[in-house]
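Since the structure comes first, as structure tokens, the remarks are kept for the end.
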There are 2 protein chains.
Amino acid sequence: MSDDNRALLAANEAFYRAFSGRDAEAMAGLWARTVPVACIHPGWDVLTDHETVVASWRRLLANPASPAVRCRDARAFILGTAGFVVCHEVLPEGVLVATNVFVREDGAWKVVHHQAGPVATAAAEPPAGRPRRLH
Amino acid sequence: MSDDNRALLAANEAFYRAFSGRDAEAMAGLWARTVPVACIHPGWDVLTDHETVVASWRRLLANPASPAVRCRDARAFILGTAGFVVCHEVLPEGVLVATNVFVREDGAWKVVHHQAGPVATAAAEPPAGRPRRLH
């Protein structure tokens with residue numbers, strides 16, 4: 001594994017450490033400041049701009065009912081000065097699958113986009129079609 | 001809007017043209033070949049590697065019951081030689097929200113990652129928390 005990959009996975013781990021530790025300050029500091037950002041919380045519509053996205057995390061992490069989340073199966077994909085990680089988010093109520101997009105800013109990987117959504121935990125096979133309920 | 005943004009949105013449109021037209025050859029040609037790729041069909045687990053991802057699209061597009069999809073509200077985010085688009089996928093049964101990640105390959109934007117998942121169509125407000133059923 002390259003140093004780039006390791007650094008990208010470490011940035012992804014920092015994201016979930018802030019998330020599970022309800023550390024809103026750490027979370028705010030992880031998001032990119034030099035480029036526009038976006039965020040898709042599970043089931044919700046797209047949020048854009050730094051202030052709106054960070055505010056959504058502050059609200060989420062301030063909620064004492066916010067879940068304990070654990071990141072599993074993270075895989076890093078480097079695209080030059082950008083990259084993304086796909087991983088599972090393990091929650092008490094089930095498993096989500098997430099995409100976290102990062103950009104290198106002043107030598108550090110910063111989050112520019114997050115999308116998490118439900119995944120069938122028993123899904124081991126590639127799809128024969130998309131889920132019927134939605135298609 | 002910059003030329004980069006326009007080209008990225010055009011690549012995203014080509015993706016949905018291949019999808020809605022069930023054009024498996026066009027879809028196969030849109031995916032990056034020089035870097036590893038990933039794909040998260042809605043409700044399914046992560047697929048990786050070019051062959052597996054393209055095969056999943058061939059199966060999906062060969063299915064006569066595969067949905068007519070229309071892309072709406074696409075927004076492009078440029079990150080140097082990479083970029084991503086967030087958009088809505090409008091289907092007969094509902095609306096999905098998608099992230100499509102692209103990388104520049106031989107001067108053209110190629111898909112390296114796709115994630116689509118459900119969105120509450122009435123969601124106009126930022127979340128106060130993540131959905132209860134999953135958190």
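Identifiers in the structure tokens: chain A, B, ... in order shown; residue index from 1 per chain; ligand index from 1 in order shown.
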Problem - Contacts of Pro118 in chain B at 7 Å (only C-alpha atoms; same-chain gap of 2+ positions) as a list of chain:residue names - result: A:Gly43, B:Val95, B:Leu96, B:Val97, B:Ala120
Handout entry: 8 Å contact set for range 98-101 of chain B, only C-alpha atoms, chain neighbours under 5 positions out, as a ChimeraX atom specification
Key = /A:115 /B:12,82-89,111-117
Practice task
Per DSSP on the backbone, filter chain A down to the residues in strand (DSSP E) and report them as a count of residues only.
Solution key: 48
Handout entry: Surrounding residues of Trp109 in chain A excluding itself and chain neighbours under 4 positions, 7 Å, only C-alpha atoms, as a list in words
Key = Leu8, Ala11, Phe102, Val103, Arg104 and Glu105 of chain A
Problem - Close residues, Gly21 in chain B itself excluded, 12 Å, only C-alpha atoms, min 4 positions apart in chain, as an MDAnalysis selection string - result: chainID B and resid 13:17 25:27 60:64 66:70
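One finds CA of Lys110 in chain A at 20.7 Å from CA of Val37 in chain B.
The closest residue to chain A, picked from B:Glu51, B:Asp45, B:Gly107, B:Ser20 and counting only C-alpha atoms, is B:Asp45.
Atom pair CA of Ala65 in chain B / CA of Val53 in chain B: separated by 19.5 Å.
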Practice task
Write out as JSON, numbers by chain each polymer residue whose atoms come within 8 Å of range 46-50 of chain A, counting only C-alpha atoms; drop sequence neighbours fewer than 2 positions from it.
Solution key: {"A": [31, 32, 33, 36, 37, 38, 39, 40, 41, 44, 52, 53, 54], "B": [86, 97, 126]}
Using the selection just defined, write its residues with N, CA, C and O atoms as a PDB file, in the first residue's frame.
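Contents of the output file result.pdb:
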```
ATOM      1  N   TRP A  31     -13.212  19.209   6.958  1.00  0.00           N
ATOM      2  CA  TRP A  31     -13.793  19.548   5.649  1.00  0.00           C
ATOM      3  C   TRP A  31     -12.930  20.582   4.923  1.00  0.00           C
ATOM      4  O   TRP A  31     -12.396  21.497   5.527  1.00  0.00           O
ATOM      5  N   ALA A  32     -12.835  20.412   3.605  1.00  0.00           N
ATOM      6  CA  ALA A  32     -12.026  21.295   2.752  1.00  0.00           C
ATOM      7  C   ALA A  32     -12.533  22.734   2.817  1.00  0.00           C
ATOM      8  O   ALA A  32     -13.730  22.971   2.978  1.00  0.00           O
ATOM      9  N   ARG A  33     -11.580  23.657   2.675  1.00  0.00           N
ATOM     10  CA  ARG A  33     -11.937  25.082   2.742  1.00  0.00           C
ATOM     11  C   ARG A  33     -11.669  25.799   1.417  1.00  0.00           C
ATOM     12  O   ARG A  33     -12.146  26.912   1.221  1.00  0.00           O
ATOM     13  N   PRO A  36     -15.563  24.037  -3.129  1.00  0.00           N
ATOM     14  CA  PRO A  36     -16.927  23.784  -2.660  1.00  0.00           C
ATOM     15  C   PRO A  36     -17.092  22.330  -2.203  1.00  0.00           C
ATOM     16  O   PRO A  36     -16.457  21.429  -2.756  1.00  0.00           O
ATOM     17  N   VAL A  37     -17.915  22.130  -1.197  1.00  0.00           N
ATOM     18  CA  VAL A  37     -18.138  20.789  -0.650  1.00  0.00           C
ATOM     19  C   VAL A  37     -19.621  20.420  -0.762  1.00  0.00           C
ATOM     20  O   VAL A  37     -20.466  21.275  -1.012  1.00  0.00           O
ATOM     21  N   ALA A  38     -19.912  19.139  -0.576  1.00  0.00           N
ATOM     22  CA  ALA A  38     -21.289  18.639  -0.611  1.00  0.00           C
ATOM     23  C   ALA A  38     -21.414  17.491   0.374  1.00  0.00           C
ATOM     24  O   ALA A  38     -20.407  16.896   0.783  1.00  0.00           O
ATOM     25  N   CYS A  39     -22.655  17.176   0.764  1.00  0.00           N
ATOM     26  CA  CYS A  39     -22.867  16.088   1.719  1.00  0.00           C
ATOM     27  C   CYS A  39     -24.278  15.529   1.540  1.00  0.00           C
ATOM     28  O   CYS A  39     -25.241  16.288   1.425  1.00  0.00           O
ATOM     29  N   ILE A  40     -24.369  14.197   1.492  1.00  0.00           N
ATOM     30  CA  ILE A  40     -25.670  13.533   1.396  1.00  0.00           C
ATOM     31  C   ILE A  40     -25.813  12.596   2.591  1.00  0.00           C
ATOM     32  O   ILE A  40     -25.308  11.469   2.587  1.00  0.00           O
ATOM     33  N   HIS A  41     -26.462  13.091   3.657  1.00  0.00           N
ATOM     34  CA  HIS A  41     -26.772  12.230   4.801  1.00  0.00           C
ATOM     35  C   HIS A  41     -27.786  11.180   4.333  1.00  0.00           C
ATOM     36  O   HIS A  41     -28.598  11.459   3.442  1.00  0.00           O
ATOM     37  N   TRP A  44     -31.454  11.791   2.998  1.00  0.00           N
ATOM     38  CA  TRP A  44     -31.684  13.227   2.860  1.00  0.00           C
ATOM     39  C   TRP A  44     -31.173  13.726   1.531  1.00  0.00           C
ATOM     40  O   TRP A  44     -30.414  13.054   0.843  1.00  0.00           O
ATOM     41  N   THR A  52     -23.214  25.238   5.454  1.00  0.00           N
ATOM     42  CA  THR A  52     -24.407  24.392   5.580  1.00  0.00           C
ATOM     43  C   THR A  52     -24.023  22.963   5.964  1.00  0.00           C
ATOM     44  O   THR A  52     -24.659  22.340   6.817  1.00  0.00           O
ATOM     45  N   VAL A  53     -22.979  22.449   5.308  1.00  0.00           N
ATOM     46  CA  VAL A  53     -22.564  21.065   5.572  1.00  0.00           C
ATOM     47  C   VAL A  53     -22.042  20.936   7.001  1.00  0.00           C
ATOM     48  O   VAL A  53     -22.443  20.025   7.741  1.00  0.00           O
ATOM     49  N   VAL A  54     -21.170  21.852   7.406  1.00  0.00           N
ATOM     50  CA  VAL A  54     -20.609  21.783   8.766  1.00  0.00           C
ATOM     51  C   VAL A  54     -21.715  21.967   9.807  1.00  0.00           C
ATOM     52  O   VAL A  54     -21.743  21.268  10.830  1.00  0.00           O
TER      53      VAL A  54
ATOM     54  N   VAL B  86     -23.007  15.535  -8.247  1.00  0.00           N
ATOM     55  CA  VAL B  86     -24.154  15.044  -7.478  1.00  0.00           C
ATOM     56  C   VAL B  86     -25.412  15.406  -8.251  1.00  0.00           C
ATOM     57  O   VAL B  86     -25.493  16.487  -8.848  1.00  0.00           O
ATOM     58  N   VAL B  97     -30.699   9.814  -5.136  1.00  0.00           N
ATOM     59  CA  VAL B  97     -29.651  10.826  -5.199  1.00  0.00           C
ATOM     60  C   VAL B  97     -28.336  10.096  -5.465  1.00  0.00           C
ATOM     61  O   VAL B  97     -28.088   9.019  -4.908  1.00  0.00           O
ATOM     62  N   PRO B 126     -32.250  20.828   5.885  1.00  0.00           N
ATOM     63  CA  PRO B 126     -31.129  20.023   6.372  1.00  0.00           C
ATOM     64  C   PRO B 126     -31.587  19.126   7.514  1.00  0.00           C
ATOM     65  O   PRO B 126     -32.522  19.480   8.240  1.00  0.00           O
TER      66      PRO B 126
END
```
